[in-house]
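Engineer: File follows, entry26.cif with mmCIF, C-alpha atoms:
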```cif
data_structure
#
loop_
_atom_site.label_atom_id
_atom_site.label_comp_id
_atom_site.auth_asym_id
_atom_site.auth_seq_id
_atom_site.Cartn_x
_atom_site.Cartn_y
_atom_site.Cartn_z
CA MET K 50 111.97 101.77 72.89
CA ASP K 51 114.99 104.06 73.14
CA ARG K 52 113.92 106.52 70.48
CA LYS K 53 113.91 110.16 71.54
CA TYR K 54 110.34 111.38 71.30
CA LEU K 55 109.56 114.78 69.86
CA SER K 56 106.10 115.03 71.34
CA GLU K 57 105.37 115.81 74.94
CA LYS K 58 103.69 113.11 76.98
CA MET K 59 101.43 113.19 80.00
CA LEU K 60 100.00 110.81 82.53
CA VAL K 61 96.29 110.22 82.66
CA GLU K 62 94.06 107.78 84.51
CA ASP K 63 94.08 104.46 82.70
CA SER K 64 90.49 104.43 81.51
CA PHE K 65 88.95 105.07 78.12
CA GLU K 66 86.49 107.49 79.70
CA ALA K 67 89.18 109.50 81.49
CA VAL K 68 91.29 109.86 78.37
CA ASN K 69 88.32 110.95 76.30
CA ASN K 70 87.07 113.40 78.90
CA LEU K 71 90.55 114.94 78.97
CA PHE K 72 90.74 115.20 75.18
CA ILE K 73 87.33 116.84 74.96
CA GLU K 74 88.22 119.24 77.75
CA LYS K 75 91.52 120.17 76.10
CA GLY K 76 89.98 120.60 72.65
CA TRP K 77 92.09 117.77 71.21
CA SER K 78 89.17 115.78 69.83
CA ASP K 79 86.69 116.07 66.96
CA GLY K 80 83.93 115.29 69.46
CA LEU K 81 83.86 111.55 68.84
CA PRO K 82 85.67 109.11 71.13
CA VAL K 83 89.36 108.73 70.34
CA ILE K 84 91.79 105.87 70.78
CA PRO K 85 94.33 106.81 73.50
CA PRO K 86 97.68 107.61 71.81
CA THR K 87 99.88 105.59 74.14
CA VAL K 88 103.56 105.09 73.40
CA SER K 89 103.01 101.49 72.33
CA ALA K 90 100.08 102.41 70.05
CA VAL K 91 102.08 105.19 68.39
CA GLU K 92 105.11 102.96 67.92
CA LYS K 93 102.88 100.35 66.29
CA MET K 94 101.42 103.03 64.02
CA LEU K 95 104.93 104.12 63.03
CA SER K 96 105.66 100.59 61.84
CA GLY K 97 103.47 101.49 58.85
CA THR K 98 106.16 103.74 57.37
CA LYS K 99 109.88 103.58 56.74
CA ARG K 100 110.22 107.29 57.29
CA ASP K 101 112.04 108.75 60.28
CA PRO K 102 109.54 109.68 63.02
CA SER K 103 111.45 112.91 63.64
CA GLU K 104 111.13 114.07 60.04
CA MET K 105 109.31 117.40 59.82
CA LEU K 106 106.91 117.35 56.91
CA ALA K 107 105.48 120.81 57.06
CA LYS K 108 104.03 123.54 59.20
CA ILE K 109 100.26 123.48 59.15
CA PRO K 110 98.34 126.74 59.06
CA PRO K 111 96.73 128.70 60.56
CA SER K 112 98.60 128.13 63.85
CA TRP K 113 101.65 126.75 61.99
CA GLY K 114 102.23 123.74 64.21
CA GLU K 115 105.00 121.46 62.97
CA ALA K 116 103.78 118.19 61.52
CA SER K 117 106.39 115.54 62.23
CA ILE K 118 105.83 111.95 61.18
CA GLU K 119 105.52 111.13 64.89
CA LYS K 120 102.85 113.77 65.49
CA ILE K 121 100.92 112.55 62.46
CA ALA K 122 101.10 109.00 63.85
CA VAL K 123 99.73 110.21 67.20
CA ASN K 124 96.67 111.66 65.48
CA ALA K 125 96.31 108.58 63.28
CA VAL K 126 96.15 106.40 66.41
CA MET K 127 93.46 108.67 67.86
CA ALA K 128 91.44 108.33 64.64
CA GLY K 129 91.50 104.53 64.77
CA CYS K 130 93.78 104.00 61.75
CA LEU K 131 95.72 100.86 60.95
CA PRO K 132 99.51 101.27 60.51
CA GLU K 133 99.26 100.48 56.81
CA TYR K 134 97.16 103.62 56.31
CA LEU K 135 99.98 105.84 57.53
CA PRO K 136 101.68 106.40 54.14
CA VAL K 137 98.36 107.62 52.71
CA ILE K 138 97.95 110.03 55.61
CA ILE K 139 101.52 111.30 55.30
CA THR K 140 101.10 111.84 51.57
CA THR K 141 97.82 113.65 52.15
CA VAL K 142 99.51 116.02 54.60
CA GLU K 143 102.27 116.67 52.06
CA ALA K 144 99.72 117.33 49.32
CA MET K 145 97.69 119.67 51.54
CA CYS K 146 100.80 121.59 52.52
CA ASP K 147 101.85 122.14 48.92
CA GLU K 148 101.77 125.93 48.62
CA LYS K 149 99.49 125.63 45.59
CA PHE K 150 96.76 124.12 47.76
CA ARG K 151 96.59 127.28 49.91
CA LEU K 152 95.70 125.47 53.12
CA GLY K 153 96.14 128.77 54.94
CA GLU K 154 92.99 130.00 53.20
CA ILE K 155 91.10 126.72 53.45
CA GLN K 156 91.47 126.30 57.20
CA PRO K 157 90.09 129.62 58.46
CA THR K 158 87.54 130.46 55.75
CA THR K 159 83.84 130.98 56.41
CA HIS K 160 83.16 128.70 53.40
CA PRO K 161 82.14 125.08 54.17
CA VAL K 162 85.21 123.43 52.69
CA ALA K 163 86.98 120.22 53.67
CA PRO K 164 89.91 118.55 51.94
CA LEU K 165 88.49 115.66 49.93
CA ILE K 166 91.00 112.81 49.66
CA VAL K 167 90.77 110.76 46.46
CA VAL K 168 92.98 107.68 46.42
CA ASN K 169 93.90 106.09 43.09
CA GLY K 170 95.85 103.05 42.05
CA PRO K 171 96.09 99.47 43.35
CA ILE K 172 96.76 100.69 46.91
CA ALA K 173 93.08 101.64 47.22
CA LYS K 174 92.05 98.01 46.89
CA LYS K 175 94.93 96.82 49.05
CA LEU K 176 93.80 99.08 51.89
CA ASP K 177 90.10 98.40 51.21
CA ILE K 178 89.27 102.05 50.59
CA ASN K 179 85.68 102.06 49.42
CA SER K 180 85.05 103.37 45.91
CA LYS K 181 81.75 101.62 45.32
CA ALA K 182 78.34 101.53 47.05
CA GLY K 183 78.16 104.28 49.64
CA ALA K 184 81.74 105.43 49.08
CA PHE K 185 81.04 108.86 50.57
CA GLY K 186 79.28 107.24 53.54
CA PRO K 187 80.10 105.15 56.61
CA CYS K 188 81.28 101.62 57.43
CA TRP K 189 84.68 101.36 55.73
CA ARG K 190 87.46 101.62 58.25
CA ALA K 191 89.99 103.02 55.79
CA ASN K 192 87.68 105.76 54.46
CA ALA K 193 86.42 106.64 57.91
CA THR K 194 89.71 106.73 59.78
CA ILE K 195 92.08 108.12 57.13
CA GLY K 196 89.74 111.06 56.64
CA ARG K 197 89.30 111.43 60.38
CA ALA K 198 93.06 111.40 60.97
CA ILE K 199 93.41 114.25 58.52
CA ARG K 200 90.75 116.25 60.35
CA LEU K 201 92.44 115.63 63.70
CA ILE K 202 95.76 116.76 62.19
CA LEU K 203 94.11 119.93 60.86
CA LEU K 204 92.64 120.56 64.31
CA ASN K 205 95.50 119.58 66.57
CA ILE K 206 98.54 120.58 64.51
CA GLY K 207 96.93 123.26 62.35
CA GLY K 208 94.84 124.72 65.16
CA ALA K 209 91.68 125.10 63.07
CA TYR K 210 89.15 124.73 65.86
CA PRO K 211 85.59 125.74 64.86
CA GLY K 212 84.67 129.25 65.93
CA LYS K 213 88.28 130.06 66.75
CA LEU K 214 90.65 129.64 63.82
CA ASP K 215 88.17 127.69 61.67
CA LEU K 216 85.59 130.35 60.98
CA ALA K 217 83.24 128.25 58.81
CA THR K 218 79.80 129.79 59.10
CA GLN K 219 77.96 126.47 59.09
CA GLY K 220 80.70 123.93 58.46
CA GLN K 221 79.76 120.63 56.90
CA PRO K 222 79.65 116.94 57.92
CA CYS K 223 82.58 116.10 55.62
CA LYS K 224 84.80 117.95 58.09
CA TYR K 225 84.66 114.77 60.18
CA THR K 226 86.05 112.59 57.41
CA TYR K 227 86.23 112.85 53.61
CA CYS K 228 88.14 110.05 51.95
CA ILE K 229 87.22 107.89 48.97
CA ALA K 230 88.88 105.90 46.21
CA GLU K 231 87.97 106.28 42.57
CA ASN K 232 86.02 103.31 41.24
CA GLU K 233 88.58 102.51 38.56
CA GLU K 234 87.24 98.99 38.08
CA ASP K 235 83.83 100.15 36.87
CA SER K 236 85.01 103.25 35.03
CA PRO K 237 85.03 103.30 31.24
CA TRP K 238 87.69 106.01 31.31
CA GLU K 239 91.28 106.52 32.48
CA PRO K 240 91.46 107.24 36.21
CA LEU K 241 92.32 110.61 37.68
CA HIS K 242 95.96 109.82 38.47
CA VAL K 243 96.63 108.55 34.95
CA GLU K 244 95.08 111.74 33.54
CA ARG K 245 97.60 113.60 35.69
CA GLY K 246 100.61 111.75 34.34
CA PHE K 247 101.09 108.97 36.90
CA ALA K 248 101.44 105.31 35.98
CA ALA K 249 98.29 103.22 36.39
CA PHE K 250 100.10 101.05 38.98
CA ALA K 251 101.16 104.05 41.07
CA GLY K 252 99.29 104.85 44.26
CA THR K 253 98.31 108.49 44.54
CA VAL K 254 96.42 110.88 46.74
CA THR K 255 94.59 113.84 45.25
CA VAL K 256 93.35 116.53 47.61
CA VAL K 257 90.53 118.82 46.56
CA ALA K 258 89.18 121.70 48.64
CA ALA K 259 85.57 120.60 48.27
CA GLU K 260 82.06 121.11 49.52
CA ASN K 261 79.99 118.06 50.37
CA PRO K 262 78.54 116.01 47.48
CA HIS K 263 75.34 117.52 45.99
CA ASN K 264 73.17 114.77 44.51
CA ILE K 265 72.28 114.55 40.82
CA ASN K 266 69.23 112.28 40.48
CA GLU K 267 68.99 111.02 36.88
CA HIS K 268 66.89 107.92 36.30
CA VAL K 269 65.34 108.70 32.93
CA GLY K 270 68.07 109.41 30.41
CA ILE K 271 68.97 106.63 28.02
CA ASN K 272 71.95 108.22 26.29
CA GLY K 273 74.98 110.33 27.10
CA GLU K 274 73.49 113.65 26.01
CA GLU K 275 70.45 113.22 28.24
CA ILE K 276 72.45 112.29 31.32
CA LEU K 277 74.96 115.06 30.69
CA THR K 278 72.06 117.51 30.33
CA SER K 279 70.94 116.61 33.85
CA ILE K 280 74.47 117.04 35.14
CA CYS K 281 74.76 120.43 33.45
CA ASN K 282 71.46 121.57 34.97
CA ALA K 283 72.59 120.47 38.42
CA VAL K 284 75.92 122.29 38.32
CA MET K 285 74.44 125.64 37.22
CA ASN K 286 74.40 127.02 40.74
CA THR K 287 75.00 130.76 41.02
CA GLY K 288 76.05 130.52 44.67
CA THR K 289 79.28 128.54 44.39
CA ASN K 290 82.74 129.98 44.91
CA ASN K 291 83.79 128.59 41.55
CA VAL K 292 81.16 130.58 39.70
CA LEU K 293 81.46 133.78 41.70
CA PHE K 294 85.25 133.93 41.83
CA GLN K 295 85.90 132.05 38.56
CA GLU K 296 88.45 129.88 40.31
CA GLY K 297 88.76 126.39 41.80
CA THR K 298 88.51 122.75 40.81
CA PRO K 299 84.97 121.41 41.29
CA VAL K 300 84.43 117.66 41.10
CA ILE K 301 81.83 115.76 39.14
CA ALA K 302 81.57 112.30 40.66
CA ILE K 303 79.77 110.18 38.09
CA CYS K 304 78.22 106.88 39.18
CA PRO K 305 79.21 103.78 37.15
CA GLU K 306 75.78 103.36 35.50
CA HIS K 307 75.74 106.95 34.29
CA ALA K 308 79.38 106.63 33.20
CA ALA K 309 78.61 103.47 31.20
CA THR K 310 75.68 105.11 29.41
CA ILE K 311 77.68 108.27 28.68
CA ALA K 312 80.65 106.27 27.39
CA ALA K 313 78.39 104.08 25.23
CA SER K 314 77.34 107.29 23.48
CA GLY K 315 80.95 107.82 22.47
CA PHE K 316 82.10 110.30 25.11
CA SER K 317 85.69 110.13 26.32
CA LYS K 318 86.48 111.62 29.73
CA GLN K 319 87.72 114.76 28.02
CA GLY K 320 84.56 114.76 25.93
CA VAL K 321 82.50 114.71 29.13
CA ARG K 322 84.53 117.60 30.50
CA ASP K 323 84.11 119.59 27.27
CA TYR K 324 80.37 118.93 27.13
CA ILE K 325 79.68 119.87 30.74
CA TYR K 326 81.82 122.98 30.62
CA GLU K 327 80.32 124.32 27.42
CA ASN K 328 76.72 123.44 28.24
CA SER K 329 76.60 124.72 31.80
CA LYS K 330 77.46 128.31 31.06
CA MET K 331 74.90 130.72 32.50
CA PRO K 332 73.58 134.03 31.19
CA LEU K 333 74.94 137.00 33.12
CA LYS K 334 71.36 138.14 33.76
CA ARG K 335 70.93 135.29 36.26
CA PHE K 336 72.95 137.49 38.61
CA TYR K 337 71.58 140.70 40.08
CA PRO K 338 73.31 144.03 39.35
CA ARG K 339 75.24 144.30 42.61
CA GLN K 340 76.63 140.79 42.09
CA ILE K 341 77.66 141.68 38.56
CA ASP K 342 79.43 144.82 39.83
CA LYS K 343 81.24 142.78 42.45
CA TYR K 344 82.11 139.56 40.67
CA PHE K 345 81.90 140.25 36.94
CA PRO K 346 82.83 143.92 36.51
CA GLY K 347 83.18 144.96 32.90
CA TRP K 348 81.68 141.76 31.51
CA ASP K 349 79.63 142.16 28.34
CA GLU K 350 75.95 141.52 29.12
CA ASN K 351 75.87 138.74 26.53
CA ARG K 352 78.88 136.94 27.92
CA LEU K 353 78.12 133.58 29.49
CA VAL K 354 79.39 132.66 32.95
CA PRO K 355 81.09 129.24 33.17
CA ILE K 356 81.02 127.12 36.32
CA THR K 357 84.74 127.80 36.85
CA ALA K 358 87.41 129.67 34.96
CA HIS K 359 89.05 126.90 32.97
CA LYS K 360 87.65 123.73 31.45
CA GLU K 361 90.66 121.73 32.64
CA ASP K 362 89.81 122.65 36.24
CA LEU K 363 86.79 120.34 36.16
CA ILE K 364 87.66 117.07 37.88
CA ILE K 365 85.76 114.05 36.57
CA ILE K 366 85.87 110.83 38.58
CA VAL K 367 83.78 107.66 38.72
CA VAL K 368 82.47 106.81 42.18
CA GLY K 369 79.73 104.61 43.60
CA GLY K 370 77.87 101.37 43.12
CA THR K 371 74.58 100.27 41.59
CA GLY K 372 72.05 103.01 40.90
CA LYS K 373 71.67 106.27 39.05
CA HIS K 374 72.83 108.99 41.42
CA SER K 375 75.89 111.05 40.54
CA SER K 376 77.04 114.08 42.46
CA TYR K 377 78.56 117.51 42.13
CA LEU K 378 81.14 118.77 44.61
CA PRO K 379 81.67 122.51 44.21
CA ALA K 380 85.07 123.57 45.43
CA PHE K 381 86.56 126.39 47.45
CA LEU K 382 89.23 128.25 45.44
CA PRO K 383 92.67 126.64 45.23
CA PRO K 384 93.72 124.02 42.69
CA SER K 385 93.76 120.35 43.60
CA VAL K 386 97.09 118.62 44.20
CA THR K 387 98.08 115.01 43.41
CA ARG K 388 101.03 113.25 45.04
CA GLU K 389 102.39 109.73 44.72
CA ILE K 390 102.23 107.63 47.88
CA LYS K 391 105.63 106.47 49.13
CA GLU K 392 106.18 103.99 51.94
CA MET P 92 95.00 105.24 93.51
CA ALA P 93 93.95 104.66 89.91
CA ASP P 94 96.41 103.18 87.46
CA MET P 95 97.87 105.74 85.09
CA ILE P 96 98.89 105.52 81.45
CA GLU P 97 101.25 107.69 79.49
CA ILE P 98 99.87 109.29 76.35
CA PHE P 99 101.24 111.62 73.72
CA ILE P 100 99.89 115.15 73.47
CA PRO P 101 98.50 115.42 69.94
CA THR P 102 98.93 119.14 69.43
CA ALA P 103 101.98 120.95 68.08
CA GLU P 104 103.23 124.21 69.44
CA PRO P 105 103.05 126.85 66.76
CA LYS P 106 106.44 128.06 65.65
CA ILE P 107 105.89 131.76 65.37
CA LYS P 108 108.67 134.09 64.48
CA LYS P 109 108.95 136.71 67.22
CA PHE P 110 109.43 140.28 66.21
CA ALA P 111 109.42 143.59 68.01
CA VAL P 112 106.55 145.95 67.32
CA ASN P 113 107.56 149.36 66.05
CA SER P 114 106.60 152.33 68.18
CA ARG P 115 103.29 153.89 67.20
CA LEU P 116 103.33 157.13 65.25
CA ALA P 117 102.28 160.07 67.42
CA ASN P 118 100.55 161.79 64.54
CA LEU P 119 99.82 160.84 60.95
CA ASP P 120 100.43 164.33 59.56
CA GLY P 121 103.04 164.18 56.83
CA GLU P 122 103.20 160.39 56.91
CA VAL P 123 102.74 158.15 53.91
CA LEU P 124 100.09 155.50 54.65
CA GLY P 125 100.14 152.16 52.92
CA PHE P 126 96.99 150.08 52.47
CA LEU P 127 97.39 146.35 51.94
CA TRP P 128 94.37 144.31 50.82
CA ASN P 129 94.28 140.48 50.77
CA GLU P 130 91.86 140.48 47.80
CA LYS P 131 88.95 139.09 49.79
CA PRO P 132 85.57 140.66 49.00
CA ASN P 133 84.81 143.87 50.92
CA GLY P 134 88.28 144.24 52.41
CA ASP P 135 88.87 146.81 49.68
CA VAL P 136 85.65 148.62 50.64
CA LEU P 137 86.83 148.88 54.24
CA LEU P 138 90.31 150.07 53.29
CA ARG P 139 89.07 152.65 50.78
CA ARG P 140 86.67 154.09 53.35
CA LEU P 141 89.44 154.18 55.92
CA ARG P 142 91.75 155.90 53.46
CA GLN P 143 89.08 158.48 52.74
CA GLN P 144 88.49 159.22 56.43
CA LEU P 145 92.18 159.36 57.34
CA THR P 146 92.90 161.62 54.39
CA GLN P 147 90.19 163.99 55.63
CA LYS P 148 91.39 163.88 59.24
CA TYR P 149 95.15 164.23 58.70
CA LYS P 150 97.44 166.05 56.31
CA LEU P 151 98.95 162.85 54.99
CA GLY P 152 102.16 162.86 53.04
CA GLY P 153 100.45 160.47 50.61
CA THR P 154 98.94 157.03 50.36
CA THR P 155 99.94 153.90 48.56
CA TRP P 156 97.99 150.71 47.82
CA GLU P 157 99.05 147.12 47.30
CA GLN P 158 97.06 143.92 47.09
CA ILE P 159 98.14 140.34 47.42
CA GLY P 160 95.99 137.23 47.54
CA GLY P 161 96.79 134.32 49.81
CA LEU P 162 98.42 136.21 52.65
CA HIS P 163 99.22 132.88 54.33
CA VAL P 164 102.21 132.31 52.09
CA ASP P 165 105.65 133.58 52.94
CA VAL P 166 104.56 137.18 52.98
CA ASP P 167 107.99 138.46 53.90
CA LYS P 168 109.21 137.39 50.48
CA ALA P 169 106.33 138.79 48.42
CA PRO P 170 107.42 141.71 46.20
CA GLU P 171 104.24 143.61 47.08
CA ILE P 172 105.26 143.58 50.75
CA LYS P 173 108.73 144.90 50.00
CA LYS P 174 107.25 147.57 47.76
CA ILE P 175 104.76 148.83 50.31
CA ALA P 176 107.29 148.66 53.13
CA ALA P 177 109.66 150.81 51.11
CA ALA P 178 107.02 153.33 50.04
CA ALA P 179 105.03 153.83 53.26
CA ASP P 180 105.80 154.98 56.79
CA THR P 181 103.06 152.78 58.20
CA VAL P 182 100.77 150.16 56.69
CA ILE P 183 97.16 149.24 57.40
CA ILE P 184 96.19 145.70 56.49
CA ALA P 185 92.67 144.35 56.01
CA VAL P 186 92.28 140.60 56.10
CA CYS P 187 88.60 140.08 55.34
CA ASP P 188 86.35 137.25 54.25
#
```
Any chance you could give the structure as structure tokens?

Structural biologist:
Amino acid sequence: MDRKYLSEKMLVEDSFEAVNNLFIEKGWSDGLPVIPPTVSAVEKMLSGTKRDPSEMLAKIPPSWGEASIEKIAVNAVMAGCLPEYLPVIITTVEAMCDEKFRLGEIQPTTHPVAPLIVVNGPIAKKLDINSKAGAFGPCWRANATIGRAIRLILLNIGGAYPGKLDLATQGQPCKYTYCIAENEEDSPWEPLHVERGFAAFAGTVTVVAAENPHNINEHVGINGEEILTSICNAVMNTGTNNVLFQEGTPVIAICPEHAATIAASGFSKQGVRDYIYENSKMPLKRFYPRQIDKYFPGWDENRLVPITAHKEDLIIIVVGGTGKHSSYLPAFLPPSVTREIKE
Amino acid sequence: MADMIEIFIPTAEPKIKKFAVNSRLANLDGEVLGFLWNEKPNGDVLLRRLRQQLTQKYKLGGTTWEQIGGLHVDVDKAPEIKKIAAAADTVIIAVCD
């Protein structure tokens, strides 16, 4: 290969153990074993995109390292990705580095936030990104390694090492990997990317600065109103950023069985959004006086506190397999960003 | 001797714009102090207390206050930065969380 490499290289003893010991020692790993990013492995990874390896996508905060396509490929190799995942990873980096996403606040905050990657469109099935049973969990290579590549990029290029430039008080397990597809097949509603103006056949990545999924157990309701009542009760949490700062795009991930029952009661996706937003408003008296002074100064005592500032900020997606567990993913502060995946 | 392999280093050197630090003011008497808050909770509390203490300790030429959320963005271009740089002799910044 006669390409001029941008990244520095080094020699290391040719053993899996030696490479991994080095990466742990240098702080280049997420703590799990990594695949050695050899020249041949990185070149193979780069075969997954038509883009120039020397192209600089962005500078990643907080240390503002430059994310070239080549450097992204290096981290994708380490994560165990297949070359065909690379366009999703590149698009995710572009979406995260959109100024609107405020990655410079997400990376160093004390809040337990991780960029959730939601993939929509036929590409999700093509890459076997799990949207069904256990979508937020383990065992799907695409979910596990795309999300992990993003974390390695945030660590190695962005410099957000826990306790140093990532100041998360407790962190959260989704900082290892956080990638799903929307279960479009079992959804009674239009998918997220279509809601956002993309064609149904387009492949998109949406990034959301999210907490981990909080379960909503609802096995009793037999109509939309009952299930939505449970969802409303579950999202009325006075400790989320979205409530306290009246900002951000929380996600309600509805399981297919709940979605089917809600839709059978005549609710459109917008109808679900309207219902949840209006019926999850909380009385100001749920907050103690010092909180009211800090977060809601000047609010009338009868004014109700919504779960975030604007109804349209609520993201509704269908995720999961058989069963009656939905989930709520409170968010950090910035808006979500959707980008179309290009090869 | 063990066989060796060549690997890429996965990190990226930060590209940080270098700039010279201005000389420190010998005394704050007569100086206009700027206070810049990044809109994170309690940063304002810290800055207001600091302003109060410095006003008591020195005969300041005045104080000015600006706030801007999301200090990670291109701060050099933010109008609030230009405004406070023009109005103050020195600026104290609180980046809290």

Engineer: Show me, as a PyMOL selection string, every residue of chain P with an atom at most 7 Å from chain K, counting only C-alpha atoms.

Structural biologist: chain P and resi 93-106+161+163

Engineer: What does the structure give for the distance between atom CA of Ala128 of chain K and atom CA of Trp189 of chain K, in Å to one decimal?

Structural biologist: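 If I compute the distance from atom CA of Ala128 of chain K to atom CA of Trp189 of chain K, I get 13.2 Å.
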
Engineer: Can you tell me, as JSON, numbers by chain, which residues sit within 8 Å of (95.4, 145.1, 49.0) in the file's frame, using all atoms listed in the file?

Structural biologist: {"P": [126, 127, 128, 129, 130, 134, 135, 156, 157, 158, 159, 184, 185]}

Engineer: Quick one: residues within 12 Å of Ala312 of chain K, all atoms listed in the file counted, chain neighbours fewer than 2 positions away excluded, as an mmCIF file with C-alpha atoms, in the frame of the given file?

Structural biologist:
```
data_model
loop_
_atom_site.group_PDB
_atom_site.id
_atom_site.type_symbol
_atom_site.label_atom_id
_atom_site.label_comp_id
_atom_site.auth_asym_id
_atom_site.auth_seq_id
_atom_site.Cartn_x
_atom_site.Cartn_y
_atom_site.Cartn_z
ATOM 1 C CA ASP K 235 83.830 100.150 36.870
ATOM 2 C CA SER K 236 85.010 103.250 35.030
ATOM 3 C CA PRO K 237 85.030 103.300 31.240
ATOM 4 C CA TRP K 238 87.690 106.010 31.310
ATOM 5 C CA GLU K 239 91.280 106.520 32.480
ATOM 6 C CA ILE K 271 68.970 106.630 28.020
ATOM 7 C CA ASN K 272 71.950 108.220 26.290
ATOM 8 C CA GLY K 273 74.980 110.330 27.100
ATOM 9 C CA GLU K 274 73.490 113.650 26.010
ATOM 10 C CA ILE K 276 72.450 112.290 31.320
ATOM 11 C CA LEU K 277 74.960 115.060 30.690
ATOM 12 C CA ILE K 303 79.770 110.180 38.090
ATOM 13 C CA PRO K 305 79.210 103.780 37.150
ATOM 14 C CA GLU K 306 75.780 103.360 35.500
ATOM 15 C CA HIS K 307 75.740 106.950 34.290
ATOM 16 C CA ALA K 308 79.380 106.630 33.200
ATOM 17 C CA ALA K 309 78.610 103.470 31.200
ATOM 18 C CA THR K 310 75.680 105.110 29.410
ATOM 19 C CA SER K 314 77.340 107.290 23.480
ATOM 20 C CA GLY K 315 80.950 107.820 22.470
ATOM 21 C CA PHE K 316 82.100 110.300 25.110
ATOM 22 C CA SER K 317 85.690 110.130 26.320
ATOM 23 C CA LYS K 318 86.480 111.620 29.730
ATOM 24 C CA GLN K 319 87.720 114.760 28.020
ATOM 25 C CA GLY K 320 84.560 114.760 25.930
ATOM 26 C CA VAL K 321 82.500 114.710 29.130
ATOM 27 C CA VAL K 367 83.780 107.660 38.720
#
```

Engineer: Give me the residues near Ala179 of chain P as a list in words, where near means some atom within 9 Å (using all atoms listed in the file) and where sequence neighbours in that chain fewer than 4 positions away do not count.

Structural biologist: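 With the cut-off at 9 Å, the set is Glu122, Val123, Leu124, Gly125, Phe126, Gly153, Thr154, Thr155, Lys174 and Ile175 of chain P.
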
Engineer: Have a look at atom CA of Lys148 of chain P and atom CA of Val136 of chain P and let me know their distance in Å, one decimal.

Structural biologist: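 Rounded to one decimal, the two atoms are 18.4 Å apart.
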
Engineer: Once the PyMOL selection byres ((chain K and resi 141) around 10) has been applied to the shown file, what residues remain in the selection, as an MDAnalysis selection string?

Structural biologist: chainID K and resid 135:140 142:147 164:168 195:196 199 253:256 386:390

Engineer: I need the chosen residues saved as a tab-separated table (two decimals), in the frame of the given file, with C-alpha atoms.

Structural biologist:
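Output below, filename result-v2.tsv:
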```tsv
chain	number	residue	atom	x	y	z
K	135	LEU	CA	99.98	105.84	57.53
K	136	PRO	CA	101.68	106.40	54.14
K	137	VAL	CA	98.36	107.62	52.71
K	138	ILE	CA	97.95	110.03	55.61
K	139	ILE	CA	101.52	111.30	55.30
K	140	THR	CA	101.10	111.84	51.57
K	142	VAL	CA	99.51	116.02	54.60
K	143	GLU	CA	102.27	116.67	52.06
K	144	ALA	CA	99.72	117.33	49.32
K	145	MET	CA	97.69	119.67	51.54
K	146	CYS	CA	100.80	121.59	52.52
K	147	ASP	CA	101.85	122.14	48.92
K	164	PRO	CA	89.91	118.55	51.94
K	165	LEU	CA	88.49	115.66	49.93
K	166	ILE	CA	91.00	112.81	49.66
K	167	VAL	CA	90.77	110.76	46.46
K	168	VAL	CA	92.98	107.68	46.42
K	195	ILE	CA	92.08	108.12	57.13
K	196	GLY	CA	89.74	111.06	56.64
K	199	ILE	CA	93.41	114.25	58.52
K	253	THR	CA	98.31	108.49	44.54
K	254	VAL	CA	96.42	110.88	46.74
K	255	THR	CA	94.59	113.84	45.25
K	256	VAL	CA	93.35	116.53	47.61
K	386	VAL	CA	97.09	118.62	44.20
K	387	THR	CA	98.08	115.01	43.41
K	388	ARG	CA	101.03	113.25	45.04
K	389	GLU	CA	102.39	109.73	44.72
K	390	ILE	CA	102.23	107.63	47.88
```

Engineer: Which residue, K:Arg197, K:Lys181, K:Arg100, K:Arg335, has the smallest gap to Gly129 of chain K when you use all atoms listed in the file?

Structural biologist: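 Closest candidate: K:Arg197.
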
Engineer: Mind pulling up the distance from atom CA of Pro384 of chain K to atom CA of Ile155 of chain K?

Structural biologist: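 The value is 11.4 Å.
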
Engineer: Extract, using all atoms listed in the file, all DNA, RNA and protein residues at most 10 Å from Glu275 of chain K, discarding same-chain residues fewer than 6 positions from it, and format them as a list in words.

Structural biologist: Glu267, Val269, Cys281, Thr310 and Ile311 of chain K

Engineer: Do you know which residues lie at most 12 Å from (70.2, 135.2, 39.5), with coordinates as in the file and all atoms listed in the file counted, and could you write them as a VMD selection string?

Structural biologist: chain K and resid 285 to 288 292 to 293 331 to 341 354

Engineer: May I have the residues within 9 Å of Ala251 of chain K as a PyMOL selection string, using all atoms listed in the file and disregarding those fewer than 2 positions away in the same chain?

Structural biologist: chain K and resi 169-172+242-243+247-249+253+389-390

Engineer: Can you translate the PyMOL selection byres ((chain K and resi 261) around 8) into the concrete residues it hits in this file, as a PDB file with C-alpha atoms, keeping the file's coordinate frame?

Structural biologist:
```pdb
ATOM      1  CA  VAL K 162      85.210 123.430  52.690  1.00  0.00           C
ATOM      2  CA  GLN K 221      79.760 120.630  56.900  1.00  0.00           C
ATOM      3  CA  PRO K 222      79.650 116.940  57.920  1.00  0.00           C
ATOM      4  CA  CYS K 223      82.580 116.100  55.620  1.00  0.00           C
ATOM      5  CA  ALA K 259      85.570 120.600  48.270  1.00  0.00           C
ATOM      6  CA  GLU K 260      82.060 121.110  49.520  1.00  0.00           C
ATOM      7  CA  PRO K 262      78.540 116.010  47.480  1.00  0.00           C
ATOM      8  CA  HIS K 263      75.340 117.520  45.990  1.00  0.00           C
ATOM      9  CA  LEU K 378      81.140 118.770  44.610  1.00  0.00           C
ATOM     10  CA  PRO K 379      81.670 122.510  44.210  1.00  0.00           C
TER      11      PRO K 379
END
```
